[in-house]
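Source file: target-v1.cif. Holds: mmCIF, C-alpha atoms and all ligand atoms.
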```cif
data_my_file
loop_
_atom_site.label_atom_id
_atom_site.label_comp_id
_atom_site.auth_asym_id
_atom_site.auth_seq_id
_atom_site.Cartn_x
_atom_site.Cartn_y
_atom_site.Cartn_z
CA MET A 1 -124.54 -22.43 -190.56
CA SER A 2 -127.00 -24.48 -188.54
CA ALA A 3 -130.47 -25.64 -189.54
CA LYS A 4 -131.81 -22.86 -187.30
CA ASP A 5 -130.69 -20.27 -189.85
CA ILE A 6 -132.21 -21.76 -192.97
CA SER A 7 -135.57 -23.12 -193.90
CA ILE A 8 -135.64 -26.87 -193.57
CA PRO A 9 -137.66 -29.08 -195.94
CA TRP A 10 -141.27 -28.94 -194.80
CA GLU A 11 -144.83 -29.78 -195.65
CA GLU A 12 -147.77 -29.35 -193.28
CA ARG A 13 -149.51 -32.35 -191.74
CA PRO A 14 -152.27 -33.59 -194.05
CA GLU A 15 -155.72 -32.77 -192.64
CA GLU A 16 -156.77 -36.40 -192.28
CA CYS A 17 -153.52 -37.35 -190.47
CA LYS A 18 -153.73 -37.81 -186.71
CA ASP A 19 -150.17 -39.10 -186.26
CA VAL A 20 -147.31 -37.26 -184.60
CA MET A 21 -145.17 -37.63 -187.75
CA TRP A 22 -146.16 -37.75 -191.41
CA ARG A 23 -144.49 -38.40 -194.75
CA TYR A 24 -143.58 -35.97 -197.51
CA SER A 25 -146.19 -36.30 -200.24
CA SER A 26 -143.52 -36.46 -202.98
CA ASN A 27 -141.56 -39.32 -201.40
CA PRO A 28 -139.25 -40.87 -202.30
CA ILE A 29 -136.97 -37.83 -202.66
CA VAL A 30 -134.05 -39.88 -204.02
CA GLY A 31 -134.68 -42.71 -206.47
CA ARG A 32 -132.74 -45.93 -206.75
CA TYR A 33 -131.14 -45.05 -210.10
CA ASP A 34 -130.25 -41.40 -209.35
CA ILE A 35 -126.57 -42.31 -209.79
CA PRO A 36 -125.99 -43.89 -213.25
CA SER A 37 -124.19 -46.91 -211.76
CA SER A 38 -126.54 -47.39 -208.81
CA ASN A 39 -128.78 -50.27 -207.86
CA SER A 40 -130.13 -48.41 -204.83
CA ILE A 41 -129.61 -45.23 -202.79
CA PHE A 42 -130.94 -45.33 -199.25
CA ASN A 43 -129.77 -45.04 -195.58
CA SER A 44 -128.12 -41.61 -196.00
CA ALA A 45 -127.30 -38.52 -193.94
CA VAL A 46 -127.63 -34.79 -194.58
CA VAL A 47 -126.55 -31.61 -192.79
CA PRO A 48 -126.87 -27.86 -193.35
CA PHE A 49 -123.90 -26.71 -195.45
CA GLY A 50 -123.19 -23.25 -196.91
CA ASP A 51 -126.50 -21.75 -197.96
CA GLY A 52 -128.02 -25.20 -198.48
CA TYR A 53 -127.27 -28.77 -197.57
CA ALA A 54 -124.67 -31.45 -198.08
CA GLY A 55 -125.01 -35.15 -197.57
CA VAL A 56 -123.27 -38.49 -197.57
CA PHE A 57 -125.28 -41.11 -199.39
CA ARG A 58 -125.19 -44.87 -199.28
CA SER A 59 -125.44 -46.36 -202.71
CA ASP A 60 -125.02 -49.98 -203.73
CA ASN A 61 -123.89 -50.16 -207.36
CA LYS A 62 -125.09 -52.62 -209.97
CA ALA A 63 -122.39 -55.08 -208.87
CA VAL A 64 -124.04 -54.58 -205.43
CA GLN A 65 -120.91 -53.14 -203.87
CA MET A 66 -121.73 -50.83 -200.96
CA ASN A 67 -120.13 -47.39 -200.91
CA ILE A 68 -120.71 -43.77 -199.84
CA TYR A 69 -121.07 -40.73 -202.10
CA ALA A 70 -121.12 -36.97 -201.39
CA GLY A 71 -124.09 -34.90 -202.53
CA PHE A 72 -125.32 -31.31 -202.45
CA SER A 73 -128.70 -29.61 -202.39
CA LYS A 74 -130.16 -26.11 -202.20
CA ASP A 75 -133.41 -27.18 -200.53
CA GLY A 76 -132.66 -30.54 -198.88
CA ILE A 77 -135.10 -32.25 -201.23
CA ASN A 78 -133.57 -32.12 -204.71
CA TRP A 79 -130.10 -33.63 -204.61
CA ASP A 80 -127.04 -33.65 -206.88
CA ILE A 81 -125.18 -36.76 -205.85
CA ASN A 82 -121.65 -37.38 -207.13
CA HIS A 83 -121.36 -40.27 -209.55
CA THR A 84 -118.17 -41.61 -208.00
CA PRO A 85 -117.72 -42.71 -204.40
CA ILE A 86 -115.80 -40.73 -201.78
CA GLU A 87 -112.07 -41.46 -201.96
CA MET A 88 -110.64 -41.23 -198.48
CA LYS A 89 -107.27 -39.64 -197.66
CA PRO A 90 -105.35 -40.57 -194.52
CA GLY A 91 -106.62 -38.62 -191.46
CA ASN A 92 -105.25 -39.55 -188.03
CA THR A 93 -103.90 -42.86 -189.43
CA ASP A 94 -102.51 -44.40 -192.61
CA MET A 95 -104.62 -47.50 -192.04
CA ILE A 96 -107.66 -46.62 -194.06
CA ASP A 97 -108.53 -50.12 -195.30
CA SER A 98 -112.13 -50.55 -196.28
CA ASP A 99 -113.78 -53.52 -197.95
CA TYR A 100 -117.08 -51.63 -198.12
CA LYS A 101 -118.84 -48.64 -196.65
CA TYR A 102 -122.51 -48.25 -195.77
CA ASP A 103 -125.12 -46.47 -193.63
CA PRO A 104 -123.32 -43.11 -193.13
CA ARG A 105 -124.19 -40.49 -190.51
CA VAL A 106 -122.88 -36.89 -190.57
CA VAL A 107 -122.57 -34.31 -187.82
CA PHE A 108 -120.90 -30.91 -187.42
CA ILE A 109 -118.70 -30.65 -184.30
CA GLU A 110 -116.81 -27.44 -183.55
CA ASP A 111 -115.01 -26.76 -186.83
CA ARG A 112 -115.69 -29.64 -189.21
CA TYR A 113 -118.10 -32.28 -190.37
CA TRP A 114 -117.59 -35.81 -189.08
CA VAL A 115 -118.81 -38.82 -191.00
CA THR A 116 -119.33 -42.22 -189.39
CA TRP A 117 -120.34 -45.32 -191.31
CA CYS A 118 -120.27 -49.05 -191.19
CA ASN A 119 -116.77 -49.86 -192.44
CA GLY A 120 -115.73 -53.26 -193.77
CA TYR A 121 -112.59 -54.24 -191.88
CA HIS A 122 -112.64 -58.02 -191.36
CA GLY A 123 -116.37 -57.56 -190.99
CA PRO A 124 -118.40 -54.48 -190.20
CA THR A 125 -117.17 -51.92 -187.68
CA ILE A 126 -117.47 -48.13 -187.30
CA GLY A 127 -115.41 -45.99 -189.68
CA ILE A 128 -114.79 -42.28 -188.99
CA ALA A 129 -113.73 -39.45 -191.29
CA TYR A 130 -113.80 -35.68 -191.26
CA THR A 131 -114.30 -33.11 -193.99
CA PHE A 132 -114.52 -29.35 -194.19
CA ASP A 133 -116.02 -29.12 -197.66
CA PHE A 134 -117.48 -32.52 -198.69
CA VAL A 135 -114.75 -32.69 -201.35
CA ASP A 136 -111.74 -33.90 -199.37
CA PHE A 137 -112.43 -36.54 -196.74
CA TYR A 138 -109.87 -37.70 -194.17
CA GLN A 139 -110.34 -41.16 -192.73
CA CYS A 140 -109.44 -41.85 -189.10
CA GLU A 141 -108.95 -45.02 -187.10
CA ASN A 142 -111.94 -47.31 -186.85
CA ALA A 143 -113.71 -46.61 -183.56
CA PHE A 144 -114.24 -50.19 -182.46
CA LEU A 145 -113.31 -53.80 -183.03
CA PRO A 146 -115.51 -55.65 -185.49
CA PHE A 147 -118.41 -56.27 -185.36
CA ASN A 148 -120.33 -53.07 -184.88
CA ARG A 149 -122.90 -50.96 -186.74
CA ASN A 150 -124.91 -47.76 -186.40
CA GLY A 151 -122.19 -45.47 -185.05
CA VAL A 152 -123.76 -42.07 -184.36
CA LEU A 153 -121.78 -39.12 -182.97
CA PHE A 154 -123.19 -36.46 -180.64
CA PRO A 155 -122.98 -32.94 -182.11
CA GLU A 156 -121.16 -31.60 -179.01
CA LYS A 157 -118.44 -32.90 -176.78
CA ILE A 158 -119.74 -34.14 -173.46
CA ASP A 159 -117.47 -33.35 -170.53
CA GLY A 160 -114.73 -32.47 -173.00
CA ARG A 161 -114.89 -35.75 -174.90
CA TYR A 162 -116.45 -36.89 -178.15
CA ALA A 163 -119.35 -39.27 -177.59
CA MET A 164 -120.72 -41.93 -179.91
CA LEU A 165 -123.64 -44.33 -179.84
CA SER A 166 -123.15 -47.71 -181.50
CA ARG A 167 -124.61 -51.17 -181.76
CA PRO A 168 -122.25 -54.14 -181.26
CA SER A 169 -123.31 -56.86 -183.70
CA ASP A 170 -122.22 -59.96 -185.57
CA ASN A 171 -121.00 -60.46 -189.13
CA GLY A 172 -124.41 -61.35 -190.58
CA HIS A 173 -128.00 -60.15 -190.41
CA THR A 174 -127.63 -59.75 -186.66
CA PRO A 175 -130.58 -61.23 -184.72
CA PHE A 176 -129.84 -59.11 -181.58
CA GLY A 177 -128.62 -55.63 -180.73
CA ASP A 178 -128.64 -52.94 -178.05
CA ILE A 179 -127.38 -49.35 -178.11
CA TYR A 180 -124.13 -48.46 -176.28
CA ILE A 181 -122.26 -45.20 -175.77
CA SER A 182 -118.47 -44.72 -175.91
CA TYR A 183 -116.22 -41.69 -175.33
CA SER A 184 -113.00 -40.46 -176.92
CA PRO A 185 -110.63 -37.58 -176.10
CA ASP A 186 -109.28 -37.43 -179.66
CA MET A 187 -111.47 -39.35 -182.18
CA LYS A 188 -108.88 -42.13 -182.15
CA TYR A 189 -109.15 -44.02 -178.88
CA TRP A 190 -112.60 -44.96 -177.66
CA GLY A 191 -113.56 -46.29 -174.22
CA GLU A 192 -115.82 -46.07 -171.18
CA HIS A 193 -118.39 -48.14 -173.04
CA ARG A 194 -121.77 -48.06 -171.33
CA CYS A 195 -125.09 -49.63 -172.19
CA VAL A 196 -127.75 -47.05 -173.10
CA MET A 197 -130.81 -48.91 -174.31
CA LYS A 198 -131.76 -52.54 -174.76
CA VAL A 199 -134.44 -54.13 -176.89
CA ALA A 200 -137.94 -54.04 -175.44
CA ASP A 201 -139.86 -57.04 -174.16
CA PHE A 202 -142.06 -58.62 -176.81
CA GLU A 203 -145.15 -58.09 -174.62
CA ASP A 204 -144.43 -54.38 -174.08
CA SER A 205 -143.36 -53.08 -177.47
CA ALA A 206 -142.83 -55.82 -180.03
CA TRP A 207 -141.74 -53.56 -182.90
CA GLN A 208 -138.43 -53.06 -181.07
CA CYS A 209 -137.99 -56.49 -179.48
CA THR A 210 -135.29 -58.00 -181.75
CA LYS A 211 -132.71 -55.20 -182.14
CA ILE A 212 -132.42 -51.45 -181.97
CA GLY A 213 -129.90 -48.96 -183.40
CA ALA A 214 -129.34 -45.21 -183.21
CA GLY A 215 -130.49 -43.31 -186.29
CA SER A 216 -130.05 -39.54 -186.41
CA ALA A 217 -127.41 -37.51 -184.61
CA PRO A 218 -128.89 -36.47 -181.24
CA ILE A 219 -130.74 -33.13 -181.18
CA ARG A 220 -130.24 -30.93 -178.12
CA ILE A 221 -133.55 -30.08 -176.43
CA ASN A 222 -134.41 -28.64 -173.00
CA GLU A 223 -135.01 -32.12 -171.59
CA GLY A 224 -131.69 -33.58 -172.86
CA TRP A 225 -130.97 -35.25 -176.21
CA LEU A 226 -133.64 -36.36 -178.66
CA ILE A 227 -132.72 -39.28 -180.91
CA PHE A 228 -134.60 -41.11 -183.59
CA TYR A 229 -133.74 -44.80 -183.68
CA HIS A 230 -134.76 -47.93 -185.52
CA GLY A 231 -136.36 -50.92 -183.85
CA VAL A 232 -136.73 -54.35 -185.39
CA ILE A 233 -139.12 -57.25 -184.96
CA ASN A 234 -138.48 -60.66 -186.50
CA THR A 235 -141.68 -61.74 -188.24
CA CYS A 236 -142.70 -64.70 -190.41
CA ARG A 237 -141.64 -62.50 -193.37
CA GLY A 238 -138.29 -61.55 -191.85
CA PHE A 239 -137.10 -58.40 -190.12
CA ARG A 240 -139.39 -55.37 -190.03
CA TYR A 241 -137.69 -52.00 -189.28
CA SER A 242 -139.66 -49.11 -187.72
CA MET A 243 -138.72 -45.77 -186.17
CA GLY A 244 -139.08 -44.58 -182.59
CA ALA A 245 -137.71 -41.70 -180.53
CA ALA A 246 -135.92 -41.48 -177.21
CA ILE A 247 -134.76 -38.70 -174.91
CA LEU A 248 -131.36 -39.17 -173.23
CA ASP A 249 -130.09 -37.30 -170.18
CA SER A 250 -128.18 -34.14 -171.01
CA GLU A 251 -125.04 -34.70 -168.88
CA ASN A 252 -125.16 -38.47 -168.75
CA PRO A 253 -126.58 -39.66 -172.08
CA SER A 254 -126.27 -43.32 -171.10
CA LYS A 255 -129.40 -42.61 -169.05
CA VAL A 256 -132.65 -42.96 -171.02
CA LEU A 257 -135.33 -40.58 -169.73
CA TYR A 258 -138.09 -41.52 -172.16
CA ARG A 259 -138.51 -43.87 -175.07
CA THR A 260 -141.57 -44.36 -177.24
CA GLN A 261 -143.59 -47.51 -176.64
CA PRO A 262 -145.49 -47.10 -179.93
CA TYR A 263 -143.43 -46.48 -183.06
CA LEU A 264 -143.49 -43.08 -184.75
CA LEU A 265 -143.29 -44.47 -188.28
CA ALA A 266 -143.54 -48.04 -189.55
CA PRO A 267 -143.45 -49.40 -193.12
CA ASN A 268 -146.77 -48.62 -194.78
CA GLU A 269 -146.22 -46.96 -198.16
CA THR A 270 -145.41 -49.06 -201.24
CA TYR A 271 -141.81 -47.77 -201.37
CA GLU A 272 -141.34 -48.91 -197.74
CA LEU A 273 -143.15 -52.23 -198.11
CA THR A 274 -141.48 -53.32 -201.33
CA GLY A 275 -137.95 -52.96 -202.64
CA ASP A 276 -134.70 -54.86 -202.28
CA VAL A 277 -135.45 -55.50 -198.60
CA PRO A 278 -139.17 -55.15 -197.84
CA ASN A 279 -140.52 -53.49 -194.68
CA VAL A 280 -137.67 -51.17 -193.78
CA ILE A 281 -137.74 -47.64 -192.40
CA PHE A 282 -134.18 -46.76 -191.41
CA PRO A 283 -133.60 -43.16 -190.13
CA CYS A 284 -130.07 -41.77 -190.56
CA ALA A 285 -130.48 -38.00 -190.20
CA ALA A 286 -132.77 -35.31 -188.82
CA LEU A 287 -132.83 -31.57 -189.45
CA CYS A 288 -134.34 -29.31 -186.81
CA ASP A 289 -134.86 -25.54 -186.84
CA GLY A 290 -135.98 -25.45 -183.22
CA GLU A 291 -139.63 -25.85 -184.17
CA LYS A 292 -139.87 -28.28 -187.06
CA VAL A 293 -138.13 -31.60 -187.67
CA ALA A 294 -137.40 -33.35 -190.97
CA VAL A 295 -136.20 -36.95 -190.73
CA TYR A 296 -134.39 -38.66 -193.62
CA TYR A 297 -134.85 -42.40 -193.78
CA GLY A 298 -133.92 -45.28 -196.04
CA ALA A 299 -137.00 -47.07 -197.38
CA ALA A 300 -136.86 -50.80 -198.17
CA ASP A 301 -133.08 -50.58 -198.72
CA THR A 302 -133.87 -48.96 -202.08
CA VAL A 303 -134.77 -45.24 -201.90
CA ILE A 304 -134.82 -42.26 -199.49
CA GLY A 305 -137.93 -40.83 -197.83
CA LEU A 306 -138.60 -37.72 -195.72
CA ALA A 307 -140.90 -37.45 -192.71
CA PHE A 308 -141.94 -34.36 -190.77
CA GLY A 309 -143.11 -33.45 -187.29
CA TYR A 310 -143.22 -30.58 -184.82
CA LEU A 311 -140.45 -30.80 -182.22
CA ASP A 312 -142.69 -30.00 -179.22
CA GLU A 313 -145.25 -32.61 -180.34
CA ILE A 314 -142.58 -35.29 -180.81
CA VAL A 315 -141.10 -34.51 -177.38
CA ALA A 316 -144.55 -34.54 -175.72
CA PHE A 317 -145.45 -37.79 -177.48
CA THR A 318 -142.18 -39.40 -176.36
CA LYS A 319 -142.78 -38.33 -172.74
CA ASN A 320 -146.46 -39.31 -172.67
CA ASN A 321 -146.06 -42.66 -174.42
CA SER A 322 -142.84 -43.84 -172.84
CA LEU A 323 -141.94 -47.47 -172.18
C1 LIG B 1 -129.05 -53.76 -191.65
C2 LIG B 1 -128.15 -52.90 -192.51
C3 LIG B 1 -128.96 -51.79 -193.11
C4 LIG B 1 -130.23 -52.27 -193.74
C5 LIG B 1 -130.99 -53.19 -192.81
C6 LIG B 1 -132.20 -53.79 -193.46
O1 LIG B 1 -128.34 -54.86 -191.15
O2 LIG B 1 -127.62 -53.68 -193.58
O3 LIG B 1 -128.19 -51.17 -194.08
O4 LIG B 1 -131.06 -51.18 -194.06
O5 LIG B 1 -130.15 -54.22 -192.39
O6 LIG B 1 -131.86 -54.64 -194.53
#
```

Reformat the file's structure so that it appears as structure tokens.
Amino acid sequence: MSAKDISIPWEERPEECKDVMWRYSSNPIVGRYDIPSSNSIFNSAVVPFGDGYAGVFRSDNKAVQMNIYAGFSKDGINWDINHTPIEMKPGNTDMIDSDYKYDPRVVFIEDRYWVTWCNGYHGPTIGIAYTFDFVDFYQCENAFLPFNRNGVLFPEKIDGRYAMLSRPSDNGHTPFGDIYISYSPDMKYWGEHRCVMKVADFEDSAWQCTKIGAGSAPIRINEGWLIFYHGVINTCRGFRYSMGAAILDSENPSKVLYRTQPYLLAPNETYELTGDVPNVIFPCAALCDGEKVAVYYGAADTVIGLAFGYLDEIVAFTKNNSL
């Protein structure tokens, strides 16, 4: 079942709003204590599943240990999230070590759902697992050497190979970061690493001048692949995370066709401006029915918000306001 067949979460643009994307009026849709043991639930990913939705949620518990949890929803807005974290079984390897898990993404490819996340293995790198039912999860080899974050799979093979965006990083609150693409024949061995997108110059587009990272799984459109990504500026008050969009070439997605100079969404609401980490909008998933788009984003590393837009307007905005 794809998002095309079911009604995605939606609310019309408020009359006074002139922006290309707008927030759900009942944000946040997931609260920080929605799991009894949780300190926060944020940067999380959802996909159409059965006659509703399933998701993989990042929650830090009250010991502030980072882990991922499965959840289910009829409407994509009201979620039942498991109270215990996902326990991985061996997939294409027995080496499923993990000191922590955070910032999951989920995508359906061919016959199963693939989960990528930031996996603690001597520092952060990209973990991969697959599931058919969001009950049993099978962990595979880490995609890359540490340190890496923001691993985002394409929903289709490209030239017969799996493709993944990622952001090589360091072991801390990385003060740099560009988006790369890598390919794999089998979800085990990854190579042909190519640079896709670098940070922007401060003078051109300062909201994305410190680091950038892929957010949602790419959406296939006529022009190529639409992605939502986060961009960061280092301010006197620390990092500020906003959201932009880019369109990548269909056959060669290391080629950026368009990329928004202005952001699409930046921290503005109280739940984005204040929380465990102030000033963060961190997109991890997008649903699209061919006409409408619903983006799920972590807000202030504390809760989850939803934002909406029309696909043709987002694409036109990205083309007409490109860096
Ligand atoms: C990044 C990750 C994200 C987080 C962001 C802002 O390095 O840890 O999970 O949302 O920082 O704190």

- Can you list, as a PyMOL selection string, every protein, DNA or RNA residue that comes within 9 Å of Asn150 in chain A when you count only C-alpha atoms, leaving out same-chain residues fewer than 4 positions away? chain A and resi 103-105+116-118+125-126+165-168+179+213-215+284

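Comparing A:Arg149, A:Arg161, A:Lys198, A:Lys319 by their smallest distance to ligand LIG 1 (chain B), the closest is A:Arg149 (using all atoms listed in the file).
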
- Query: Residues around (-125.1, -44.5, -204.7), cut-off 10 Å, counting only C-alpha atoms - what are they as a VMD selection string?
  - Reply: chain A and resid 31 to 42 44 56 to 62 65 to 71 81 to 85

Padded axis-aligned box of range 301-316 of chain A (6 Å per side), centre and edge lengths, Å, one decimal, as AutoDock Vina command-line options:
```
--center_x -139.2 --center_y -40.3 --center_z -188.9 --size_x 24.2 --size_y 32.6 --size_z 38.4
```

- Separation of CA of Lys74 in chain A from CA of Ala245 in chain A in Å: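 Distance reported for this atom pair: 27.7 Å.
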
- Message: as a PyMOL selection string, please: every protein or nucleic acid residue near ligand LIG 1 (chain B) (cut-off 7 Å, counting all atoms listed in the file).
- Response: chain A and resi 43+102-103+173-174+277+280+282+298+301

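Nearest to Ile77 in chain A of all the residues A:Leu257, A:Val30, A:Cys17, A:Ala206 is A:Val30, based on only C-alpha atoms.
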
- Which of these, A:Asp133, A:Cys209, A:Asp94, A:Ser254, has the shortest distance to Asp111 in chain A once you count all atoms listed in the file?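 Closest residue, counting all atoms listed in the file: A:Asp133.
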
- Just give me the gap between CA of Ile8 in chain A and CA of Val46 in chain A in Å, one decimal is fine.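 It comes out at 11.3 Å.
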
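Nearest residue to Gln208 in chain A, choosing from A:His193, A:Arg259, A:Arg220, A:Lys101 and counting all atoms listed in the file: A:Arg259.
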
- Message: Which residues are near Thr235 in chain A? Cut-off 12 Å, all atoms listed in the file, ignore same chain within fewer than 6 positions. Put them as number ranges by chain.
- Response: A: 175, 202, 206-210, 241, 278-279

- Query: Which residues come within 7 Å of Thr93 in chain A, counting all atoms listed in the file, excluding same-chain residues fewer than 3 positions away, as a list in words?
  - Reply: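 Those residues are Pro90, Cys140 and Glu141 of chain A.
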
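Of the residues listed (A:Ser169, A:Lys89, A:Trp22, A:Lys157), A:Ser169 shows the shortest atom-to-atom separation from Gly123 in chain A; distances use only C-alpha atoms.
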
- Rank A:Ala300, A:Met88, A:Leu306, A:Leu323 by their smallest atom-to-atom distance to Val135 in chain A, using only C-alpha atoms, and report the top residue only.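 For Val135 in chain A, the nearest of the given residues is A:Met88.
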
- Message: Can you tell me which residues surround range 108-110 of chain A at a distance of at most 10 Å, considering only C-alpha atoms, apart from same-chain residues fewer than 6 positions away, and format the answer as a ChimeraX atom specification?
- Response: /A:1-2,47-49,130-132,153-157,162,217

- What separation in Å, quoted to one decimal, exists between CA of His230 in chain A and CA of Lys211 in chain A?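 These atoms are spaced 8.3 Å apart.
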
- Phe228 in chain A environment, 12 Å, only C-alpha atoms, sequence neighbours closer than 2 positions dropped, as a VMD selection string: chain A and resid 21 152 212 to 219 225 to 226 230 to 231 242 to 248 258 to 260 263 to 265 281 to 287 293 to 297 307 311 314 to 315 318
